[in-house]
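Enquirer: Data: entry.cif, mmCIF, N, CA and C atoms.
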```
data_structure
#
loop_
_atom_site.label_atom_id
_atom_site.label_comp_id
_atom_site.auth_asym_id
_atom_site.auth_seq_id
_atom_site.Cartn_x
_atom_site.Cartn_y
_atom_site.Cartn_z
N MET A 19 -106.35 -103.57 13.30
CA MET A 19 -105.08 -104.14 12.91
C MET A 19 -104.94 -104.09 11.40
N ILE A 20 -103.78 -103.77 10.93
CA ILE A 20 -103.51 -103.70 9.50
C ILE A 20 -103.40 -105.13 8.95
N GLY A 21 -104.26 -105.48 8.01
CA GLY A 21 -104.16 -106.77 7.33
C GLY A 21 -104.78 -107.95 8.07
N PHE A 22 -105.28 -107.76 9.26
CA PHE A 22 -105.90 -108.85 10.01
C PHE A 22 -107.36 -108.51 10.26
N GLU A 23 -108.19 -109.52 10.18
CA GLU A 23 -109.60 -109.29 10.45
C GLU A 23 -109.96 -109.83 11.83
N THR A 24 -109.26 -109.35 12.82
CA THR A 24 -109.55 -109.75 14.20
C THR A 24 -109.25 -108.57 15.11
N ASP A 25 -109.83 -108.59 16.24
CA ASP A 25 -109.63 -107.53 17.22
C ASP A 25 -108.85 -108.11 18.39
N LEU A 26 -107.72 -107.52 18.70
CA LEU A 26 -106.89 -108.03 19.79
C LEU A 26 -107.63 -108.01 21.12
N ASP A 27 -108.46 -107.01 21.32
CA ASP A 27 -109.22 -106.95 22.57
C ASP A 27 -110.18 -108.14 22.68
N ASP A 28 -110.76 -108.54 21.54
CA ASP A 28 -111.64 -109.72 21.55
C ASP A 28 -110.86 -110.99 21.89
N LEU A 29 -109.67 -111.13 21.31
CA LEU A 29 -108.84 -112.30 21.62
C LEU A 29 -108.46 -112.34 23.09
N ARG A 30 -108.07 -111.18 23.62
CA ARG A 30 -107.69 -111.14 25.04
C ARG A 30 -108.89 -111.41 25.94
N ALA A 31 -110.05 -110.87 25.58
CA ALA A 31 -111.26 -111.12 26.37
C ALA A 31 -111.62 -112.60 26.34
N SER A 32 -111.50 -113.22 25.17
CA SER A 32 -111.78 -114.66 25.07
C SER A 32 -110.80 -115.46 25.91
N SER A 33 -109.56 -115.05 25.89
CA SER A 33 -108.54 -115.72 26.70
C SER A 33 -108.89 -115.63 28.19
N ARG A 34 -109.29 -114.43 28.63
CA ARG A 34 -109.66 -114.25 30.05
C ARG A 34 -110.88 -115.10 30.40
N GLU A 35 -111.88 -115.14 29.52
CA GLU A 35 -113.08 -115.93 29.79
C GLU A 35 -112.75 -117.42 29.88
N LEU A 36 -111.88 -117.89 28.99
CA LEU A 36 -111.47 -119.29 29.07
C LEU A 36 -110.70 -119.56 30.36
N GLY A 37 -109.92 -118.59 30.80
CA GLY A 37 -109.22 -118.73 32.08
C GLY A 37 -110.20 -118.85 33.24
N LYS A 38 -111.27 -118.06 33.19
CA LYS A 38 -112.30 -118.15 34.23
C LYS A 38 -113.00 -119.51 34.17
N ALA A 39 -113.27 -119.99 32.96
CA ALA A 39 -113.90 -121.30 32.81
C ALA A 39 -112.99 -122.39 33.36
N ALA A 40 -111.69 -122.26 33.14
CA ALA A 40 -110.74 -123.24 33.69
C ALA A 40 -110.79 -123.24 35.21
N ASP A 41 -110.93 -122.06 35.81
CA ASP A 41 -111.03 -121.97 37.26
C ASP A 41 -112.29 -122.67 37.77
N ILE A 42 -113.39 -122.50 37.04
CA ILE A 42 -114.65 -123.14 37.43
C ILE A 42 -114.51 -124.66 37.34
N VAL A 43 -113.91 -125.13 36.26
CA VAL A 43 -113.71 -126.57 36.09
C VAL A 43 -112.80 -127.11 37.18
N SER A 44 -111.80 -126.33 37.54
CA SER A 44 -110.91 -126.76 38.62
C SER A 44 -111.68 -126.93 39.93
N GLY A 45 -112.60 -126.02 40.20
CA GLY A 45 -113.43 -126.14 41.40
C GLY A 45 -114.31 -127.37 41.36
N ALA A 46 -114.88 -127.65 40.19
CA ALA A 46 -115.71 -128.86 40.05
C ALA A 46 -114.86 -130.11 40.23
N HIS A 47 -113.65 -130.09 39.68
CA HIS A 47 -112.73 -131.22 39.81
C HIS A 47 -112.41 -131.49 41.28
N THR A 48 -112.12 -130.42 42.01
CA THR A 48 -111.83 -130.56 43.44
C THR A 48 -113.04 -131.10 44.20
N GLY A 49 -114.24 -130.61 43.83
CA GLY A 49 -115.46 -131.08 44.49
C GLY A 49 -115.73 -132.55 44.25
N VAL A 50 -115.50 -133.00 43.03
CA VAL A 50 -115.72 -134.41 42.71
C VAL A 50 -114.72 -135.28 43.45
N ARG A 51 -113.50 -134.79 43.56
CA ARG A 51 -112.47 -135.54 44.28
C ARG A 51 -112.90 -135.77 45.73
N GLY A 52 -113.58 -134.81 46.31
CA GLY A 52 -113.99 -134.91 47.71
C GLY A 52 -115.22 -135.76 47.94
N GLN A 53 -115.80 -136.33 46.89
CA GLN A 53 -117.01 -137.15 47.03
C GLN A 53 -116.72 -138.64 46.90
N ASP A 54 -115.49 -139.04 47.12
CA ASP A 54 -115.17 -140.46 47.01
C ASP A 54 -115.83 -141.26 48.12
N VAL A 55 -116.02 -142.53 47.85
CA VAL A 55 -116.60 -143.44 48.84
C VAL A 55 -115.53 -144.47 49.15
N PRO A 56 -114.74 -144.21 50.19
CA PRO A 56 -113.64 -145.12 50.48
C PRO A 56 -114.11 -146.46 51.01
N ALA A 57 -113.31 -147.46 50.76
CA ALA A 57 -113.59 -148.79 51.31
C ALA A 57 -113.28 -148.77 52.80
N PRO A 58 -113.96 -149.59 53.57
CA PRO A 58 -113.66 -149.64 55.01
C PRO A 58 -112.21 -150.03 55.25
N ASP A 59 -111.62 -149.42 56.25
CA ASP A 59 -110.25 -149.74 56.62
C ASP A 59 -110.20 -151.19 57.09
N PRO A 60 -109.25 -151.99 56.57
CA PRO A 60 -109.20 -153.40 56.96
C PRO A 60 -108.92 -153.60 58.45
N VAL A 61 -108.26 -152.63 59.09
CA VAL A 61 -107.93 -152.77 60.51
C VAL A 61 -109.12 -152.35 61.38
N THR A 62 -109.65 -151.15 61.16
CA THR A 62 -110.74 -150.66 62.01
C THR A 62 -112.11 -150.97 61.45
N GLY A 63 -112.18 -151.34 60.17
CA GLY A 63 -113.47 -151.57 59.53
C GLY A 63 -114.28 -152.66 60.19
N GLY A 64 -113.64 -153.73 60.62
CA GLY A 64 -114.35 -154.82 61.27
C GLY A 64 -114.76 -154.50 62.69
N LEU A 65 -113.93 -153.72 63.39
CA LEU A 65 -114.20 -153.41 64.79
C LEU A 65 -115.20 -152.26 64.94
N LEU A 66 -114.99 -151.21 64.18
CA LEU A 66 -115.82 -150.02 64.27
C LEU A 66 -116.29 -149.62 62.87
N PRO A 67 -117.19 -150.41 62.27
CA PRO A 67 -117.56 -150.14 60.88
C PRO A 67 -118.15 -148.75 60.69
N GLY A 68 -117.61 -148.02 59.73
CA GLY A 68 -118.14 -146.72 59.35
C GLY A 68 -117.78 -145.56 60.25
N MET A 69 -117.17 -145.84 61.37
CA MET A 69 -116.90 -144.77 62.33
C MET A 69 -115.87 -143.77 61.82
N PHE A 70 -114.89 -144.24 61.06
CA PHE A 70 -113.81 -143.36 60.61
C PHE A 70 -113.94 -142.97 59.14
N LEU A 71 -115.06 -143.30 58.50
CA LEU A 71 -115.25 -142.96 57.10
C LEU A 71 -115.72 -141.51 56.98
N PRO A 72 -115.25 -140.79 55.96
CA PRO A 72 -115.68 -139.40 55.79
C PRO A 72 -117.11 -139.33 55.26
N ASN A 73 -117.74 -138.20 55.49
CA ASN A 73 -119.08 -137.99 54.93
C ASN A 73 -118.96 -137.78 53.43
N THR A 74 -119.91 -138.31 52.68
CA THR A 74 -119.96 -138.14 51.23
C THR A 74 -121.37 -137.68 50.88
N ALA A 75 -121.64 -137.59 49.60
CA ALA A 75 -122.99 -137.21 49.17
C ALA A 75 -124.02 -138.24 49.62
N PHE A 76 -123.58 -139.45 49.93
CA PHE A 76 -124.49 -140.52 50.33
C PHE A 76 -124.37 -140.86 51.81
N GLY A 77 -123.76 -140.02 52.58
CA GLY A 77 -123.54 -140.32 53.99
C GLY A 77 -122.18 -140.98 54.16
N LYS A 78 -122.01 -141.71 55.24
CA LYS A 78 -120.72 -142.32 55.51
C LYS A 78 -120.54 -143.66 54.81
N ASN A 79 -121.61 -144.30 54.40
CA ASN A 79 -121.49 -145.63 53.81
C ASN A 79 -122.69 -145.86 52.90
N LEU A 80 -122.45 -146.40 51.73
CA LEU A 80 -123.56 -146.70 50.83
C LEU A 80 -124.27 -148.00 51.24
N GLY A 81 -123.61 -148.83 51.98
CA GLY A 81 -124.24 -150.04 52.46
C GLY A 81 -124.10 -151.23 51.54
N MET A 82 -123.84 -151.04 50.28
CA MET A 82 -123.69 -152.15 49.36
C MET A 82 -122.36 -151.98 48.63
N SER A 83 -121.49 -152.95 48.75
CA SER A 83 -120.17 -152.81 48.17
C SER A 83 -120.21 -152.69 46.65
N GLY A 84 -121.13 -153.37 45.97
CA GLY A 84 -121.25 -153.27 44.51
C GLY A 84 -121.64 -151.88 44.08
N VAL A 85 -122.61 -151.29 44.77
CA VAL A 85 -123.05 -149.93 44.46
C VAL A 85 -121.92 -148.96 44.76
N SER A 86 -121.26 -149.17 45.88
CA SER A 86 -120.15 -148.32 46.27
C SER A 86 -119.04 -148.37 45.22
N ALA A 87 -118.71 -149.55 44.76
CA ALA A 87 -117.65 -149.71 43.75
C ALA A 87 -118.05 -149.05 42.44
N ALA A 88 -119.30 -149.23 42.02
CA ALA A 88 -119.77 -148.62 40.77
C ALA A 88 -119.76 -147.09 40.88
N TYR A 89 -120.22 -146.59 42.00
CA TYR A 89 -120.21 -145.14 42.22
C TYR A 89 -118.78 -144.61 42.16
N GLU A 90 -117.87 -145.28 42.85
CA GLU A 90 -116.49 -144.82 42.90
C GLU A 90 -115.85 -144.88 41.51
N GLU A 91 -116.15 -145.90 40.75
CA GLU A 91 -115.61 -146.01 39.39
C GLU A 91 -116.10 -144.84 38.53
N HIS A 92 -117.39 -144.54 38.62
CA HIS A 92 -117.96 -143.43 37.85
C HIS A 92 -117.38 -142.09 38.33
N ARG A 93 -117.30 -141.91 39.63
CA ARG A 93 -116.77 -140.67 40.19
C ARG A 93 -115.32 -140.46 39.75
N ALA A 94 -114.52 -141.52 39.76
CA ALA A 94 -113.13 -141.42 39.34
C ALA A 94 -113.04 -141.05 37.85
N ALA A 95 -113.94 -141.61 37.03
CA ALA A 95 -113.95 -141.29 35.60
C ALA A 95 -114.33 -139.82 35.38
N VAL A 96 -115.31 -139.33 36.12
CA VAL A 96 -115.71 -137.93 36.01
C VAL A 96 -114.56 -137.03 36.46
N GLU A 97 -113.90 -137.40 37.53
CA GLU A 97 -112.75 -136.61 38.01
C GLU A 97 -111.67 -136.54 36.95
N LYS A 98 -111.39 -137.66 36.29
CA LYS A 98 -110.37 -137.70 35.25
C LYS A 98 -110.77 -136.81 34.06
N MET A 99 -112.04 -136.87 33.66
CA MET A 99 -112.50 -136.03 32.55
C MET A 99 -112.44 -134.55 32.90
N LEU A 100 -112.81 -134.21 34.13
CA LEU A 100 -112.73 -132.81 34.55
C LEU A 100 -111.29 -132.31 34.57
N ALA A 101 -110.37 -133.18 34.95
CA ALA A 101 -108.95 -132.80 34.93
C ALA A 101 -108.50 -132.51 33.50
N LYS A 102 -108.93 -133.35 32.56
CA LYS A 102 -108.59 -133.13 31.15
C LYS A 102 -109.23 -131.85 30.63
N LEU A 103 -110.49 -131.62 30.99
CA LEU A 103 -111.19 -130.41 30.55
C LEU A 103 -110.50 -129.17 31.11
N HIS A 104 -110.10 -129.23 32.37
CA HIS A 104 -109.39 -128.11 32.99
C HIS A 104 -108.11 -127.80 32.23
N GLN A 105 -107.31 -128.83 31.95
CA GLN A 105 -106.04 -128.62 31.25
C GLN A 105 -106.28 -128.08 29.84
N SER A 106 -107.25 -128.63 29.15
CA SER A 106 -107.56 -128.20 27.79
C SER A 106 -108.02 -126.74 27.76
N THR A 107 -108.88 -126.38 28.70
CA THR A 107 -109.39 -125.01 28.76
C THR A 107 -108.28 -124.03 29.09
N GLN A 108 -107.43 -124.42 30.01
CA GLN A 108 -106.30 -123.58 30.39
C GLN A 108 -105.34 -123.41 29.20
N ASP A 109 -105.08 -124.50 28.49
CA ASP A 109 -104.20 -124.43 27.32
C ASP A 109 -104.79 -123.52 26.24
N ALA A 110 -106.09 -123.62 26.01
CA ALA A 110 -106.75 -122.76 25.01
C ALA A 110 -106.65 -121.30 25.42
N SER A 111 -106.82 -121.01 26.69
CA SER A 111 -106.71 -119.64 27.19
C SER A 111 -105.31 -119.08 26.92
N HIS A 112 -104.29 -119.86 27.24
CA HIS A 112 -102.91 -119.42 27.01
C HIS A 112 -102.63 -119.26 25.51
N ALA A 113 -103.17 -120.16 24.70
CA ALA A 113 -102.95 -120.08 23.26
C ALA A 113 -103.56 -118.80 22.68
N LEU A 114 -104.78 -118.47 23.09
CA LEU A 114 -105.40 -117.24 22.59
C LEU A 114 -104.61 -116.01 23.01
N ALA A 115 -104.12 -116.00 24.23
CA ALA A 115 -103.31 -114.87 24.68
C ALA A 115 -102.03 -114.76 23.84
N ARG A 116 -101.44 -115.89 23.53
CA ARG A 116 -100.22 -115.90 22.71
C ARG A 116 -100.51 -115.43 21.28
N VAL A 117 -101.64 -115.86 20.72
CA VAL A 117 -102.04 -115.41 19.38
C VAL A 117 -102.19 -113.89 19.38
N ALA A 118 -102.82 -113.35 20.40
CA ALA A 118 -102.99 -111.89 20.49
C ALA A 118 -101.62 -111.21 20.52
N GLU A 119 -100.68 -111.76 21.29
CA GLU A 119 -99.33 -111.19 21.35
C GLU A 119 -98.65 -111.22 19.98
N LEU A 120 -98.78 -112.35 19.29
CA LEU A 120 -98.17 -112.47 17.96
C LEU A 120 -98.79 -111.50 16.97
N TYR A 121 -100.12 -111.41 16.96
CA TYR A 121 -100.79 -110.45 16.07
C TYR A 121 -100.32 -109.03 16.36
N GLU A 122 -100.22 -108.70 17.63
CA GLU A 122 -99.80 -107.36 18.01
C GLU A 122 -98.38 -107.07 17.53
N SER A 123 -97.51 -108.04 17.66
CA SER A 123 -96.12 -107.89 17.22
C SER A 123 -96.06 -107.71 15.70
N VAL A 124 -96.79 -108.54 14.97
CA VAL A 124 -96.80 -108.43 13.51
C VAL A 124 -97.41 -107.10 13.09
N ASP A 125 -98.46 -106.69 13.75
CA ASP A 125 -99.11 -105.42 13.43
C ASP A 125 -98.14 -104.26 13.64
N GLU A 126 -97.41 -104.29 14.72
CA GLU A 126 -96.43 -103.22 15.00
C GLU A 126 -95.34 -103.21 13.93
N ASP A 127 -94.85 -104.38 13.56
CA ASP A 127 -93.84 -104.47 12.49
C ASP A 127 -94.38 -103.89 11.19
N ASN A 128 -95.63 -104.21 10.85
CA ASN A 128 -96.23 -103.70 9.62
C ASN A 128 -96.38 -102.17 9.66
N LYS A 129 -96.77 -101.64 10.80
CA LYS A 129 -96.91 -100.19 10.93
C LYS A 129 -95.56 -99.50 10.73
N GLN A 130 -94.52 -100.05 11.35
CA GLN A 130 -93.19 -99.46 11.20
C GLN A 130 -92.72 -99.53 9.74
N ARG A 131 -92.98 -100.65 9.09
CA ARG A 131 -92.60 -100.81 7.69
C ARG A 131 -93.34 -99.80 6.81
N MET A 132 -94.63 -99.62 7.05
CA MET A 132 -95.41 -98.68 6.26
C MET A 132 -94.94 -97.24 6.50
N ASN A 133 -94.57 -96.92 7.74
CA ASN A 133 -94.05 -95.58 8.04
C ASN A 133 -92.74 -95.32 7.30
N ARG A 134 -91.87 -96.33 7.25
CA ARG A 134 -90.60 -96.18 6.53
C ARG A 134 -90.86 -95.97 5.04
N VAL A 135 -91.79 -96.74 4.47
CA VAL A 135 -92.13 -96.60 3.06
C VAL A 135 -92.72 -95.23 2.80
N ALA A 136 -93.57 -94.76 3.69
CA ALA A 136 -94.22 -93.46 3.53
C ALA A 136 -93.20 -92.32 3.56
N HIS A 137 -92.12 -92.54 4.29
CA HIS A 137 -91.09 -91.51 4.39
C HIS A 137 -89.93 -91.77 3.42
N GLY A 138 -90.12 -92.69 2.52
CA GLY A 138 -89.14 -92.94 1.48
C GLY A 138 -87.92 -93.72 1.93
N GLU A 139 -87.99 -94.37 3.07
CA GLU A 139 -86.87 -95.16 3.56
C GLU A 139 -86.99 -96.59 3.02
N GLN A 140 -85.85 -97.25 2.90
CA GLN A 140 -85.85 -98.66 2.49
C GLN A 140 -86.13 -99.50 3.74
N GLY A 141 -86.92 -100.60 3.59
CA GLY A 141 -87.21 -101.40 4.77
C GLY A 141 -86.91 -102.77 4.59
#
```
Kindly return the structure encoded in the file as structure tokens.
Expert:
Amino acid sequence: MIGFETDLDDLRASSRELGKAADIVSGAHTGVRGQDVPAPDPVTGGLLPGMFLPNTAFGKNLGMSGVSAAYEEHRAAVEKMLAKLHQSTQDASHALARVAELYESVDEDNKQRMNRVAHGEQG
């Protein structure tokens, strides 16, 4: 590029890699969301405890409501952080792609201007 010390291919490659990282984070976010430990249903929980609860990393029930609540609080915080990381990574990927587009546009303008000057045209 004329006047820039960067390679557009490097910017685009970085943008693609960040996009892939965002996809990975999205998968982790989805996985964490699926590991919640729901509270027993007030209607069926007393009659059929644990029967309708989904499987989690700890089975269907942790057995202690305090541990369950602490786990769920931590899991929800991790899910929220992964969502932020996903959005941030995706935004960075789009920003790098946009920077590459802008550099390319400016570079093309500079080339055209230099060609006009070389041929004695006013620019």
Enquirer: Hey, which of A:Gln130, A:Ala40, A:Val135, A:Glu90 ends up closest to His104 (chain A)? Count all atoms listed in the file.
Expert: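 Residue with the minimum atom-to-atom distance to His104 (chain A): A:Ala40.
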Enquirer: For CA of Ser33 (chain A) and atom C of His112 (chain A), determine how far apart the two atoms are, in Å to one decimal place.
Expert: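 Answer for the CA of Ser33 (chain A) to atom C of His112 (chain A) separation: 7.0 Å.
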Enquirer: Rounded to one decimal place, report the CA of Ala113 (chain A)-CA of His47 (chain A) distance in Å.
Expert: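 If I compute the distance from CA of Ala113 (chain A) to CA of His47 (chain A), I get 22.2 Å.
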Enquirer: Counting only C-alpha atoms, note down every residue that has an atom within 12 Å of the point (-111.6, -125.6, 28.3) (file coordinates), as a list of chain:residue names.
Expert: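 Within the cut-off we find A:Ser32, A:Ser33, A:Arg34, A:Glu35, A:Leu36, A:Gly37, A:Lys38, A:Ala39, A:Ala40, A:Asp41, A:Ile42, A:Val43, A:Ser44, A:Met99, A:Leu100, A:Ala101, A:Lys102, A:Leu103, A:His104, A:Gln105, A:Ser106, A:Thr107, A:Gln108, A:Asp109, A:Ala110, A:Ser111, A:His112, A:Ala113, A:Leu114.
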Enquirer: To one decimal place, how far is CA of Val85 (chain A) from atom C of Gly45 (chain A) in Å?
Expert: 24.4 Å
Enquirer: Using only C-alpha atoms, which protein or nucleic acid residues come within 12 Å of Asp27 (chain A)? Drop anything in the same chain fewer than 6 positions from it, and give the result as a PyMOL selection string.
Expert: chain A and resi 19+33-34+114-115+117-119+121-122
